[in-house]
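Peer 1: Just one file: protein-v4.cif, with mmCIF, C-alpha atoms.
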```cif
data_protein
loop_
_atom_site.label_atom_id
_atom_site.label_comp_id
_atom_site.auth_asym_id
_atom_site.auth_seq_id
_atom_site.Cartn_x
_atom_site.Cartn_y
_atom_site.Cartn_z
CA MET Q 1 96.77 66.58 100.58
CA LYS Q 2 94.74 68.27 97.87
CA LYS Q 3 94.65 72.07 98.10
CA TYR Q 4 91.96 74.63 97.35
CA ALA Q 5 91.98 78.41 97.45
CA ILE Q 6 88.68 80.22 97.85
CA ILE Q 7 89.24 83.77 96.61
CA VAL Q 8 86.54 86.05 97.98
CA ALA Q 9 85.68 89.02 95.80
CA GLY Q 10 82.39 89.92 97.38
CA GLY Q 11 82.67 93.72 97.33
CA LYS Q 12 79.89 95.11 95.22
CA GLY Q 13 78.43 98.28 96.70
CA LEU Q 14 81.68 100.11 97.24
CA ARG Q 15 82.99 101.89 94.19
CA PHE Q 16 86.05 104.01 94.62
CA GLY Q 17 87.83 106.27 92.18
CA ALA Q 18 87.02 104.53 88.95
CA ASN Q 19 83.54 103.14 88.37
CA LEU Q 20 84.64 99.62 89.25
CA PRO Q 21 84.52 97.54 92.44
CA LYS Q 22 88.03 97.52 93.85
CA GLN Q 23 88.79 93.89 93.03
CA PHE Q 24 88.61 94.71 89.32
CA LEU Q 25 90.82 97.80 89.35
CA LEU Q 26 94.09 97.54 87.49
CA LEU Q 27 97.37 97.00 89.29
CA LYS Q 28 100.28 97.24 86.88
CA GLY Q 29 97.83 96.75 84.03
CA LEU Q 30 96.10 93.61 85.39
CA PRO Q 31 92.90 93.42 87.47
CA ILE Q 32 93.78 93.03 91.15
CA ILE Q 33 91.89 89.78 91.50
CA MET Q 34 93.93 88.11 88.76
CA HIS Q 35 97.11 88.97 90.65
CA SER Q 36 95.61 87.33 93.75
CA ILE Q 37 94.74 84.15 91.85
CA ASN Q 38 98.18 84.07 90.22
CA ARG Q 39 99.92 84.15 93.59
CA PHE Q 40 98.23 80.90 94.61
CA LYS Q 41 99.05 79.27 91.29
CA SER Q 42 102.69 80.33 91.72
CA PHE Q 43 102.69 78.67 95.12
CA ASP Q 44 101.27 75.40 93.74
CA LYS Q 45 100.12 75.03 90.18
CA SER Q 46 97.86 72.12 91.08
CA ILE Q 47 95.83 74.17 93.58
CA GLU Q 48 92.12 74.43 92.75
CA ILE Q 49 90.85 77.99 92.62
CA ILE Q 50 87.29 78.82 93.64
CA LEU Q 51 86.39 82.42 92.93
CA VAL Q 52 83.42 83.88 94.80
CA LEU Q 53 81.75 86.69 92.87
CA PRO Q 54 78.51 88.61 93.31
CA ASN Q 55 75.95 87.54 90.71
CA GLU Q 56 75.98 90.91 88.99
CA HIS Q 57 79.71 90.67 88.29
CA MET Q 58 79.70 87.25 86.60
CA SER Q 59 79.39 88.51 83.05
CA TYR Q 60 81.91 91.31 83.60
CA TRP Q 61 84.36 88.75 84.97
CA LYS Q 62 83.98 86.66 81.81
CA GLU Q 63 84.55 89.73 79.66
CA ILE Q 64 87.79 90.66 81.41
CA CYS Q 65 89.03 87.06 81.39
CA ASP Q 66 88.80 87.34 77.59
CA GLU Q 67 90.20 90.84 77.49
CA TYR Q 68 93.25 89.95 79.61
CA ASP Q 69 93.58 86.48 78.14
CA PHE Q 70 93.29 85.07 81.66
CA LYS Q 71 93.19 81.30 81.19
CA THR Q 72 93.91 80.04 84.70
CA SER Q 73 91.32 77.34 85.44
CA HIS Q 74 88.92 78.19 88.24
CA SER Q 75 85.40 77.50 89.46
CA ILE Q 76 83.00 80.28 90.33
CA ALA Q 77 80.68 80.43 93.33
CA GLN Q 78 78.03 83.04 93.94
CA GLY Q 79 78.62 85.77 96.52
CA GLY Q 80 76.31 85.86 99.53
CA GLU Q 81 74.85 88.50 101.77
CA THR Q 82 77.95 88.72 103.98
CA ARG Q 83 81.47 87.38 103.76
CA PHE Q 84 80.36 84.42 105.89
CA HIS Q 85 77.72 83.50 103.33
CA SER Q 86 80.13 84.02 100.42
CA VAL Q 87 82.71 81.69 101.95
CA LYS Q 88 80.00 79.14 102.68
CA ASN Q 89 78.96 79.18 99.03
CA GLY Q 90 82.59 78.76 97.97
CA LEU Q 91 82.98 75.84 100.39
CA SER Q 92 80.11 73.99 98.73
CA LEU Q 93 82.46 73.47 95.75
CA VAL Q 94 85.13 71.80 97.91
CA THR Q 95 84.45 68.15 97.15
CA GLU Q 96 87.50 66.39 98.56
CA ASN Q 97 89.20 66.01 101.91
CA SER Q 98 91.71 68.81 101.55
CA LEU Q 99 93.41 71.93 102.85
CA VAL Q 100 91.40 75.03 102.03
CA ALA Q 101 92.79 78.57 101.92
CA ILE Q 102 90.36 81.47 102.14
CA HIS Q 103 91.80 84.66 100.73
CA ASP Q 104 90.63 88.25 100.27
CA GLY Q 105 90.51 88.95 96.54
CA VAL Q 106 91.87 92.43 97.26
CA ARG Q 107 95.14 91.18 98.77
CA PRO Q 108 97.21 90.74 95.60
CA LEU Q 109 100.56 91.16 97.38
CA VAL Q 110 100.47 88.05 99.53
CA SER Q 111 103.89 86.40 99.38
CA ILE Q 112 104.49 82.79 98.43
CA ASP Q 113 106.10 82.35 101.86
CA THR Q 114 102.97 83.55 103.62
CA ILE Q 115 100.84 81.11 101.65
CA LYS Q 116 103.33 78.33 102.32
CA ASN Q 117 103.56 79.08 106.06
CA ALA Q 118 99.79 78.95 106.40
CA PHE Q 119 99.34 75.73 104.41
CA GLU Q 120 102.15 73.95 106.27
CA MET Q 121 100.83 74.91 109.69
CA ALA Q 122 97.23 74.02 108.76
CA ASP Q 123 98.44 70.64 107.51
CA LYS Q 124 99.98 69.97 110.93
CA GLU Q 125 97.52 71.71 113.24
CA GLY Q 126 94.25 72.05 111.35
CA ALA Q 127 93.93 75.84 111.18
CA ALA Q 128 96.44 78.64 110.52
CA ILE Q 129 96.29 82.36 109.85
CA PRO Q 130 99.03 84.88 108.94
CA VAL Q 131 99.58 87.81 111.28
CA VAL Q 132 101.95 90.77 111.53
CA GLU Q 133 102.97 93.00 114.40
CA LEU Q 134 101.70 96.55 114.82
CA VAL Q 135 103.91 99.49 113.94
CA ASP Q 136 101.63 102.17 115.37
CA SER Q 137 100.41 102.52 118.93
CA ILE Q 138 96.91 101.23 119.50
CA ARG Q 139 93.96 102.36 121.61
CA GLU Q 140 90.72 100.77 122.62
CA MET Q 141 87.52 102.80 122.24
CA LYS Q 142 84.94 102.73 125.05
CA GLY Q 143 82.07 104.92 124.00
CA THR Q 144 83.50 108.45 123.73
CA GLU Q 145 86.53 107.49 125.83
CA SER Q 146 89.61 105.58 124.74
CA LYS Q 147 92.61 104.04 126.45
CA PRO Q 148 96.11 103.07 125.33
CA LEU Q 149 97.07 99.40 125.00
CA LEU Q 150 100.46 97.70 124.75
CA ARG Q 151 100.91 97.01 121.05
CA GLU Q 152 103.16 93.99 121.72
CA ASN Q 153 100.02 92.16 122.84
CA TYR Q 154 98.19 92.55 119.53
CA ARG Q 155 98.53 91.27 115.98
CA LEU Q 156 96.96 92.33 112.70
CA VAL Q 157 95.39 89.44 110.81
CA GLN Q 158 95.81 88.83 107.08
CA THR Q 159 94.73 86.15 104.67
CA PRO Q 160 95.01 83.41 103.41
CA GLN Q 161 93.47 81.68 106.39
CA VAL Q 162 94.00 77.96 105.83
CA PHE Q 163 92.04 75.07 107.33
CA LYS Q 164 91.48 71.35 106.97
CA SER Q 165 88.30 70.98 104.94
CA ASP Q 166 86.46 68.92 107.55
CA ILE Q 167 87.02 71.58 110.23
CA LEU Q 168 85.82 74.29 107.88
CA ALA Q 169 82.75 72.33 106.78
CA GLU Q 170 81.73 71.80 110.39
CA ALA Q 171 82.43 75.40 111.43
CA TYR Q 172 80.38 76.83 108.56
CA LYS Q 173 77.33 74.83 109.65
CA GLN Q 174 76.94 77.30 112.53
CA PRO Q 175 74.32 80.01 112.19
CA TYR Q 176 75.71 83.39 111.13
CA ASN Q 177 76.88 85.63 113.97
CA THR Q 178 77.96 89.28 113.69
CA GLU Q 179 81.02 88.44 115.80
CA PHE Q 180 82.41 86.39 112.92
CA THR Q 181 85.09 88.91 111.95
CA ASP Q 182 86.99 86.49 109.75
CA ASP Q 183 87.21 82.77 109.00
CA ALA Q 184 89.38 82.06 112.02
CA SER Q 185 86.71 83.43 114.34
CA VAL Q 186 84.12 81.11 112.75
CA VAL Q 187 86.39 78.10 113.25
CA GLU Q 188 87.24 79.09 116.83
CA ARG Q 189 83.57 79.52 117.67
CA ALA Q 190 83.15 75.88 116.59
CA GLY Q 191 85.71 74.90 119.23
CA TYR Q 192 88.92 74.58 117.22
CA LYS Q 193 92.27 76.21 117.91
CA VAL Q 194 93.82 78.48 115.30
CA ARG Q 195 97.60 78.80 114.96
CA LEU Q 196 99.35 82.00 113.96
CA VAL Q 197 102.04 82.11 111.27
CA LYS Q 198 104.17 84.95 109.93
CA GLY Q 199 102.46 87.09 107.31
CA ASN Q 200 104.18 89.62 105.04
CA ILE Q 201 103.78 93.33 105.61
CA GLU Q 202 103.24 94.04 101.89
CA ASN Q 203 100.11 91.88 102.08
CA ILE Q 204 97.79 94.85 102.40
CA LYS Q 205 94.07 94.87 101.77
CA ILE Q 206 93.26 97.29 98.96
CA THR Q 207 90.29 99.28 100.17
CA ASN Q 208 90.86 102.69 98.64
CA GLN Q 209 92.82 104.70 96.10
CA ILE Q 210 95.74 105.23 98.48
CA ASP Q 211 96.14 101.49 99.04
CA LEU Q 212 96.17 101.05 95.28
CA GLN Q 213 99.01 103.57 94.96
CA VAL Q 214 100.86 101.76 97.74
CA ALA Q 215 100.39 98.44 95.95
CA GLU Q 216 101.67 99.94 92.69
CA GLY Q 217 104.81 100.97 94.56
CA LEU Q 218 105.28 97.52 96.06
CA ILE Q 219 104.53 95.13 93.24
CA MET K 220 99.06 130.73 120.73
CA LYS K 221 102.70 130.12 119.88
CA LYS K 222 103.38 126.73 118.32
CA TYR K 223 106.27 124.30 118.57
CA ALA K 224 106.95 120.99 116.86
CA ILE K 225 109.32 118.55 118.53
CA ILE K 226 110.52 116.19 115.81
CA VAL K 227 111.89 113.03 117.38
CA ALA K 228 114.61 111.27 115.39
CA GLY K 229 115.94 109.06 118.11
CA GLY K 230 116.57 105.88 116.13
CA LYS K 231 120.24 105.05 116.24
CA GLY K 232 120.83 101.34 116.58
CA LEU K 233 118.55 100.21 113.81
CA ARG K 234 120.14 100.27 110.41
CA PHE K 235 118.15 98.88 107.55
CA GLY K 236 119.08 98.43 103.94
CA ALA K 237 121.52 101.26 103.51
CA ASN K 238 124.06 102.01 106.24
CA LEU K 239 122.01 104.90 107.57
CA PRO K 240 119.48 105.21 110.39
CA LYS K 241 116.09 105.32 108.74
CA GLN K 242 115.37 109.00 109.46
CA PHE K 243 118.23 109.96 107.15
CA LEU K 244 117.31 107.75 104.20
CA LEU K 245 116.29 109.52 101.03
CA LEU K 246 112.68 109.85 100.01
CA LYS K 247 112.41 111.35 96.54
CA GLY K 248 115.96 112.57 96.91
CA LEU K 249 115.58 114.30 100.29
CA PRO K 250 116.31 112.84 103.76
CA ILE K 251 113.06 111.66 105.36
CA ILE K 252 113.45 113.91 108.37
CA MET K 253 113.63 117.03 106.21
CA HIS K 254 110.28 116.09 104.66
CA SER K 255 108.83 115.75 108.17
CA ILE K 256 110.11 119.20 109.20
CA ASN K 257 108.85 120.74 105.95
CA ARG K 258 105.33 119.48 106.57
CA PHE K 259 105.12 121.47 109.81
CA LYS K 260 106.54 124.57 108.17
CA SER K 261 103.93 124.21 105.39
CA PHE K 262 101.25 124.09 108.04
CA ASP K 263 102.52 127.24 109.77
CA LYS K 264 105.70 128.97 108.76
CA SER K 265 106.05 130.60 112.19
CA ILE K 266 106.14 127.25 114.01
CA GLU K 267 109.33 126.62 116.01
CA ILE K 268 111.01 123.34 115.16
CA ILE K 269 112.93 121.41 117.82
CA LEU K 270 114.76 118.44 116.37
CA VAL K 271 115.81 115.70 118.79
CA LEU K 272 118.89 113.81 117.57
CA PRO K 273 121.21 111.27 119.18
CA ASN K 274 124.56 112.86 120.01
CA GLU K 275 126.42 110.75 117.48
CA HIS K 276 124.29 112.06 114.62
CA MET K 277 124.78 115.77 115.27
CA SER K 278 127.70 116.24 112.95
CA TYR K 279 126.15 114.11 110.22
CA TRP K 280 122.99 116.21 110.46
CA LYS K 281 125.04 119.39 109.94
CA GLU K 282 126.73 117.84 106.94
CA ILE K 283 123.48 116.92 105.22
CA CYS K 284 121.92 120.29 106.03
CA ASP K 285 124.77 121.75 103.96
CA GLU K 286 124.58 119.06 101.30
CA TYR K 287 120.82 119.50 100.78
CA ASP K 288 120.93 123.25 101.36
CA PHE K 289 118.38 122.80 104.14
CA LYS K 290 118.01 126.24 105.71
CA THR K 291 114.81 125.86 107.73
CA SER K 292 115.55 127.31 111.17
CA HIS K 293 115.42 124.79 113.99
CA SER K 294 116.87 124.08 117.43
CA ILE K 295 118.47 120.78 118.28
CA ALA K 296 118.02 118.77 121.47
CA GLN K 297 119.95 115.70 122.43
CA GLY K 298 118.30 112.28 122.17
CA GLY K 299 117.84 110.31 125.39
CA GLU K 300 117.82 106.68 126.43
CA THR K 301 114.19 106.15 125.39
CA ARG K 302 111.66 108.15 123.46
CA PHE K 303 110.33 109.49 126.78
CA HIS K 304 113.75 110.91 127.62
CA SER K 305 114.20 112.29 124.11
CA VAL K 306 110.89 114.15 124.25
CA LYS K 307 111.74 115.45 127.71
CA ASN K 308 115.00 116.87 126.39
CA GLY K 309 113.13 118.49 123.50
CA LEU K 310 110.60 119.97 125.90
CA SER K 311 113.35 121.72 127.83
CA LEU K 312 113.70 124.03 124.80
CA VAL K 313 110.03 125.05 124.92
CA THR K 314 110.27 128.39 126.68
CA GLU K 315 106.84 129.89 126.14
CA ASN K 316 103.27 129.05 127.00
CA SER K 317 102.34 127.33 123.76
CA LEU K 318 100.90 124.40 121.85
CA VAL K 319 103.49 121.67 121.35
CA ALA K 320 103.32 118.96 118.69
CA ILE K 321 105.44 115.86 119.15
CA HIS K 322 106.07 114.05 115.89
CA ASP K 323 107.93 110.93 114.79
CA GLY K 324 110.74 112.01 112.48
CA VAL K 325 110.01 108.97 110.33
CA ARG K 326 106.44 110.05 109.48
CA PRO K 327 107.13 112.32 106.50
CA LEU K 328 103.68 111.82 104.96
CA VAL K 329 101.61 113.50 107.65
CA SER K 330 99.02 115.70 105.96
CA ILE K 331 98.54 119.38 106.70
CA ASP K 332 94.95 118.50 107.67
CA THR K 333 96.14 116.00 110.26
CA ILE K 334 98.48 118.58 111.79
CA LYS K 335 95.72 121.20 111.71
CA ASN K 336 93.12 118.87 113.28
CA ALA K 337 95.47 118.03 116.13
CA PHE K 338 96.50 121.64 116.83
CA GLU K 339 92.91 122.91 116.75
CA MET K 340 91.64 120.23 119.10
CA ALA K 341 94.58 120.67 121.49
CA ASP K 342 93.93 124.40 121.54
CA LYS K 343 90.36 123.73 122.66
CA GLU K 344 90.81 120.65 124.83
CA GLY K 345 94.44 120.54 125.91
CA ALA K 346 95.54 117.29 124.28
CA ALA K 347 94.85 115.70 120.87
CA ILE K 348 96.17 112.77 118.88
CA PRO K 349 95.43 111.59 115.32
CA VAL K 350 94.02 108.11 114.87
CA VAL K 351 92.83 105.92 111.99
CA GLU K 352 90.59 102.88 111.82
CA LEU K 353 91.94 99.36 111.29
CA VAL K 354 91.61 97.70 107.90
CA ASP K 355 92.76 94.25 109.04
CA SER K 356 91.20 92.06 111.68
CA ILE K 357 92.95 92.18 115.03
CA ARG K 358 93.75 89.61 117.70
CA GLU K 359 94.96 89.83 121.26
CA MET K 360 97.84 87.59 122.31
CA LYS K 361 97.67 85.82 125.69
CA GLY K 362 100.83 83.81 126.11
CA THR K 363 100.78 81.24 123.32
CA GLU K 364 97.03 81.71 122.82
CA SER K 365 95.25 84.49 120.97
CA LYS K 366 91.69 85.65 120.54
CA PRO K 367 89.85 87.72 117.94
CA LEU K 368 88.67 91.23 118.80
CA LEU K 369 86.15 93.51 117.10
CA ARG K 370 88.25 95.91 115.06
CA GLU K 371 85.61 98.66 115.25
CA ASN K 372 86.61 99.07 118.91
CA TYR K 373 90.25 99.90 118.17
CA ARG K 374 92.21 102.74 116.58
CA LEU K 375 95.79 103.00 115.38
CA VAL K 376 97.58 106.04 116.76
CA GLN K 377 99.74 108.38 114.69
CA THR K 378 101.61 111.58 115.34
CA PRO K 379 101.74 114.58 115.73
CA GLN K 380 100.39 114.38 119.24
CA VAL K 381 99.64 117.94 120.29
CA PHE K 382 99.36 119.34 123.82
CA LYS K 383 99.25 122.59 125.72
CA SER K 384 102.78 123.18 126.97
CA ASP K 385 101.81 123.37 130.65
CA ILE K 386 100.12 119.96 130.51
CA LEU K 387 103.11 118.45 128.79
CA ALA K 388 105.60 120.01 131.22
CA GLU K 389 103.70 118.59 134.16
CA ALA K 390 103.22 115.15 132.58
CA TYR K 391 106.91 114.81 131.75
CA LYS K 392 107.85 115.39 135.39
CA GLN K 393 106.62 111.85 136.10
CA PRO K 394 109.22 109.11 136.49
CA TYR K 395 109.68 106.98 133.36
CA ASN K 396 107.36 104.00 133.08
CA THR K 397 107.57 101.20 130.50
CA GLU K 398 103.82 101.59 129.91
CA PHE K 399 104.44 104.99 128.32
CA THR K 400 103.80 103.83 124.77
CA ASP K 401 103.50 107.33 123.35
CA ASP K 402 103.12 110.92 124.52
CA ALA K 403 99.37 110.58 125.00
CA SER K 404 99.89 107.77 127.50
CA VAL K 405 102.30 109.97 129.50
CA VAL K 406 99.77 112.81 129.60
CA GLU K 407 96.90 110.49 130.52
CA ARG K 408 98.93 108.97 133.33
CA ALA K 409 99.24 112.50 134.71
CA GLY K 410 95.43 112.65 134.84
CA TYR K 411 94.55 114.55 131.67
CA LYS K 412 92.08 113.53 128.97
CA VAL K 413 93.31 113.10 125.42
CA ARG K 414 91.01 113.76 122.45
CA LEU K 415 91.15 111.82 119.20
CA VAL K 416 91.17 113.53 115.81
CA LYS K 417 91.21 112.14 112.28
CA GLY K 418 94.66 111.14 111.01
CA ASN K 419 95.55 110.38 107.39
CA ILE K 420 96.20 106.83 106.26
CA GLU K 421 99.28 107.83 104.25
CA ASN K 422 100.87 108.96 107.53
CA ILE K 423 102.86 105.75 107.94
CA LYS K 424 105.87 105.25 110.17
CA ILE K 425 108.86 104.29 108.05
CA THR K 426 110.48 101.39 109.86
CA ASN K 427 111.86 99.27 107.03
CA GLN K 428 112.67 99.14 103.34
CA ILE K 429 109.11 98.19 102.38
CA ASP K 430 107.67 101.23 104.15
CA LEU K 431 110.17 103.35 102.25
CA GLN K 432 108.94 101.91 98.95
CA VAL K 433 105.37 102.58 100.04
CA ALA K 434 106.26 106.16 100.91
CA GLU K 435 107.96 106.64 97.52
CA GLY K 436 104.71 105.56 95.90
CA LEU K 437 102.63 107.94 98.01
CA ILE K 438 104.62 111.15 98.07
#
```
Take the structure I supplied and represent it as C-alpha cells, if you would.

Peer 2:
Amino acid sequence: MKKYAIIVAGGKGLRFGANLPKQFLLLKGLPIIMHSINRFKSFDKSIEIILVLPNEHMSYWKEICDEYDFKTSHSIAQGGETRFHSVKNGLSLVTENSLVAIHDGVRPLVSIDTIKNAFEMADKEGAAIPVVELVDSIREMKGTESKPLLRENYRLVQTPQVFKSDILAEAYKQPYNTEFTDDASVVERAGYKVRLVKGNIENIKITNQIDLQVAEGLI
Amino acid sequence: MKKYAIIVAGGKGLRFGANLPKQFLLLKGLPIIMHSINRFKSFDKSIEIILVLPNEHMSYWKEICDEYDFKTSHSIAQGGETRFHSVKNGLSLVTENSLVAIHDGVRPLVSIDTIKNAFEMADKEGAAIPVVELVDSIREMKGTESKPLLRENYRLVQTPQVFKSDILAEAYKQPYNTEFTDDASVVERAGYKVRLVKGNIENIKITNQIDLQVAEGLI
C-alpha cells in the first residue's frame, strides 16, 4: 500500500537557546527536521513526505533547503492553531488510499525499526503507535495531592503514529477536543482500536537545550 | 540538622554492554557511583555517605577506590533482596536524628539544586521527592487494552528522596510490600504526606548503554 509521512513542525512561539524554533536547530550540522525527514526516506525511499509548517516559516524553510542542499521531495501543508488542526491540514494532501504516519518533526532519532513496526502493525490492524516502558517511578497529581502508581501499568507514547488513511480521514472529521493528546486519541475517540508496538528509547522529543545535547550524544 | 545520603547501588544481576554492573561503568573516566557520591559532597561536604552494595561487590569496590584514588569518606551497608531491604540496611547506620536522602547510585547527574530543594522541603515538611513533568504522551495498560491519559496529571519521580530520620525509621518497620515502588511509597503507606519538589531533567537513571551515552553527552 502507498505510504505517506506527515511531519509536523508546528512549533512557532517557543524559541529556546538560539533564536530559532527548535525544529530548525542544528543537530550534527543539519536542521533537526531534515534528520526526521531523512529517517522516513531511509525506511522507504518511495514514501511521500508532507511537511506541516507554520505560515511564517515557509520562506525560512526554503532558504535552508537551499543552504543545506536538501533536495528530498516533499509537499508542504500549512500549520494550524493546534496540532490537531496542523495534522488535519497535512491530511488534506493525502490523496490515495494509503498508510499514513504522523511524526513529530522534533523526533529526529526515531529508528528504522520503530517506523517499520508501526507501519506493519497499521497495515494489519489499522492503527499503531510506538511506546516504551517507564524507567522512573510515576505519580498521579490530584490537586495539591499526589499518589504513587505502578509504573508497569503505564507506557510513554512516541511517534510515528501510523494509520490507514480512511480511518484517519474519518477520525479527523470530529470537532476538536482538548482531550486529543495525540493522533491515537483522535482515532480512538472515533471508535477505532489502536495497537501498541515497540518504540526506541533514543526516540526523544527535542523540547529544550538539554534534549538537544542528549540527541547530539546519541546520533 | 545532620544530613545523611544513602546511595543505593543494589544492581547485581543486570550486566549490560561491558561485564560490569551498571553502577561501576565509567562516565567520563570515573565509575558512575563515584559521580553520584561526589554530587552529595558538593552539596554539603559534611554530609555522611552510606553506600549500599551487594556483598559480592565489596572487594571490587575497594579495588576501584584504590584505582581511582577515591578518598571520600563513606560507610558501607550490605545490599538486601530488594531495594526496600537495601535501604533498610543502609538506614541501620543512621545513628542520629537527621535528614536522610536516599539516592539511586545510577543517577550521577542529579543537580545540586535538586538535592537542595529536596533537603529544604524535607526539613520543613518531613518528606520530599523530586519530580519532573512528562514530555511524551502517556497511556495506561489494562490487560491487552490501553487508554490515553492527560499527561499534565502525571509526574515522573527521581531521587534523592529526602526524609526526617524518625519518619523513615518508622516507615521501614513495615513488612515489605510489592507496592513499595520507591521510598516515598513506603513512607506514605506509614501514613505520612510526601511533598514534591522540582527535579532536573538531566537526572536520568542509567539503566542501559543508551542512557550511558546520553549521560556522557550531558556531563

Peer 1: So these two share a sequence; what Cα RMSD do you get laying chain Q over chain K, all Cα, in order, least squares?

Peer 2: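 With all C-alpha atoms paired in order, the RMSD is 0.0 Å.
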
Peer 1: Restricting the calculation to only C-alpha atoms, which member of K:Val306, K:Leu244, K:Met253, K:Leu272 is positioned closest to Val319 (chain K)?

Peer 2: K:Val306

Peer 1: On this structure, the PyMOL selection byres ((chain K and resi 249-251) around 10) would catch which residues? List them as a list in words, sorted by chain and number.

Peer 2: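 Checking the PyMOL selection byres ((chain K and resi 249-251) around 10) against this file, the residues are Lys241, Gln242, Phe243, Leu244, Leu245, Leu246, Lys247, Gly248, Ile252, Met253, His254, Ser255, Ile256, Ile283, Cys284, Tyr287, Phe289, Gly324, Val325, Arg326, Pro327, Leu328, Ile425, Leu431 and Ala434 of chain K.
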
Peer 1: Find the residues in chain Q near chain K: any atom within 6 Å counts, using only C-alpha atoms. Write them as a PyMOL selection string.

Peer 2: chain Q and resi 136-141+153-157+214+217

Peer 1: How many Å separate CA of Val8 (chain Q) from CA of Val94 (chain Q)?

Peer 2: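 Result for CA of Val8 (chain Q) versus CA of Val94 (chain Q): 14.3 Å, one decimal.
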
Peer 1: Would you compute the distance between CA of Gly79 (chain Q) and CA of Gln161 (chain Q)? Give it in Å to one decimal.

Peer 2: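 These atoms are spaced 18.3 Å apart.
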
Peer 1: Return as a PyMOL selection string the set of residues that the PyMOL selection byres ((chain K and resi 410) around 12) yields on the displayed structure.

Peer 2: chain K and resi 345-346+386-387+389-390+393+403-409+411-413

Peer 1: Generate a file of the selected residues that holds C-alpha atoms, formatted as a PDB file, in the coordinates of the input.

Peer 2:
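Here's the written file again-v1.pdb:
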```pdb
ATOM      1  CA  GLY K 345      94.440 120.540 125.910  1.00  0.00           C
ATOM      2  CA  ALA K 346      95.540 117.290 124.280  1.00  0.00           C
ATOM      3  CA  ILE K 386     100.120 119.960 130.510  1.00  0.00           C
ATOM      4  CA  LEU K 387     103.110 118.450 128.790  1.00  0.00           C
ATOM      5  CA  GLU K 389     103.700 118.590 134.160  1.00  0.00           C
ATOM      6  CA  ALA K 390     103.220 115.150 132.580  1.00  0.00           C
ATOM      7  CA  GLN K 393     106.620 111.850 136.100  1.00  0.00           C
ATOM      8  CA  ALA K 403      99.370 110.580 125.000  1.00  0.00           C
ATOM      9  CA  SER K 404      99.890 107.770 127.500  1.00  0.00           C
ATOM     10  CA  VAL K 405     102.300 109.970 129.500  1.00  0.00           C
ATOM     11  CA  VAL K 406      99.770 112.810 129.600  1.00  0.00           C
ATOM     12  CA  GLU K 407      96.900 110.490 130.520  1.00  0.00           C
ATOM     13  CA  ARG K 408      98.930 108.970 133.330  1.00  0.00           C
ATOM     14  CA  ALA K 409      99.240 112.500 134.710  1.00  0.00           C
ATOM     15  CA  TYR K 411      94.550 114.550 131.670  1.00  0.00           C
ATOM     16  CA  LYS K 412      92.080 113.530 128.970  1.00  0.00           C
ATOM     17  CA  VAL K 413      93.310 113.100 125.420  1.00  0.00           C
TER      18      VAL K 413
END
```

Peer 1: CA of Ile6 (chain Q) and CA of Asn208 (chain Q) are how many Å apart?

Peer 2: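 CA of Asn208 (chain Q) lies 22.6 Å from CA of Ile6 (chain Q).
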
Peer 1: Return the single residue from K:Lys264, K:Lys281, K:His293, K:Lys343 that is closest to Lys383 (chain K), with distances computed using only C-alpha atoms.

Peer 2: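 The answer is K:Lys343, which sits nearest to Lys383 (chain K).
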
Peer 1: Please write as a list in words the full residue list that the PyMOL selection byres ((chain K and resi 317) around 8) yields on this file.

Peer 2: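 When the PyMOL selection byres ((chain K and resi 317) around 8) is applied to the shown file, the picked residues are Met220, Lys221, Lys222, Tyr223, Glu315, Asn316, Leu318, Val319, Lys383, Ser384 and Asp385 of chain K.
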
Peer 1: Next, dump the selected residues to file, keeping only C-alpha atoms, as an mmCIF file, keeping the file's coordinate frame.

Peer 2:
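What follows is the written file result_36.cif:
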```cif
data_model
loop_
_atom_site.group_PDB
_atom_site.id
_atom_site.type_symbol
_atom_site.label_atom_id
_atom_site.label_comp_id
_atom_site.auth_asym_id
_atom_site.auth_seq_id
_atom_site.Cartn_x
_atom_site.Cartn_y
_atom_site.Cartn_z
ATOM 1 C CA MET K 220 99.060 130.730 120.730
ATOM 2 C CA LYS K 221 102.700 130.120 119.880
ATOM 3 C CA LYS K 222 103.380 126.730 118.320
ATOM 4 C CA TYR K 223 106.270 124.300 118.570
ATOM 5 C CA GLU K 315 106.840 129.890 126.140
ATOM 6 C CA ASN K 316 103.270 129.050 127.000
ATOM 7 C CA LEU K 318 100.900 124.400 121.850
ATOM 8 C CA VAL K 319 103.490 121.670 121.350
ATOM 9 C CA LYS K 383 99.250 122.590 125.720
ATOM 10 C CA SER K 384 102.780 123.180 126.970
ATOM 11 C CA ASP K 385 101.810 123.370 130.650
#
```

Peer 1: Find, counting only C-alpha atoms, the residue in K:Ile334, K:Leu310, K:Met277, K:Ile321 that gets nearest to Ser261 (chain K).

Peer 2: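 Closest candidate: K:Ile334.
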
Peer 1: Smallest atom-to-atom distance to Glu352 (chain K): which of K:Glu286, K:Val416, K:Ser278, K:Ile226, using all atoms listed in the file?

Peer 2: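 The answer is K:Val416, which sits nearest to Glu352 (chain K).
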
Peer 1: Starting from 8 Å padding per side, set up an axis-aligned box that covers all listed atoms of region 272-281 of chain K and hand over centre and edge lengths in Å, one decimal, as AutoDock Vina command-line options.

Peer 2:
```
--center_x 123.3 --center_y 115.1 --center_z 115.0 --size_x 24.8 --size_y 24.6 --size_z 26.1
```

Peer 1: Between K:Ser265, K:Asn419, K:Ser305, K:Asn396, single out the one closest to Ile348 (chain K), counting all atoms listed in the file.

Peer 2: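 Among the listed residues, K:Asn419 lies closest to Ile348 (chain K).
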
Peer 1: Find the residue from K:Lys260, K:Lys290, K:Lys417, K:Lys392 that sits nearest to Asn336 (chain K); use all atoms listed in the file when measuring.

Peer 2: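 Of K:Lys260, K:Lys290, K:Lys417, K:Lys392, the one nearest Asn336 (chain K) is K:Lys417, counting all atoms listed in the file.
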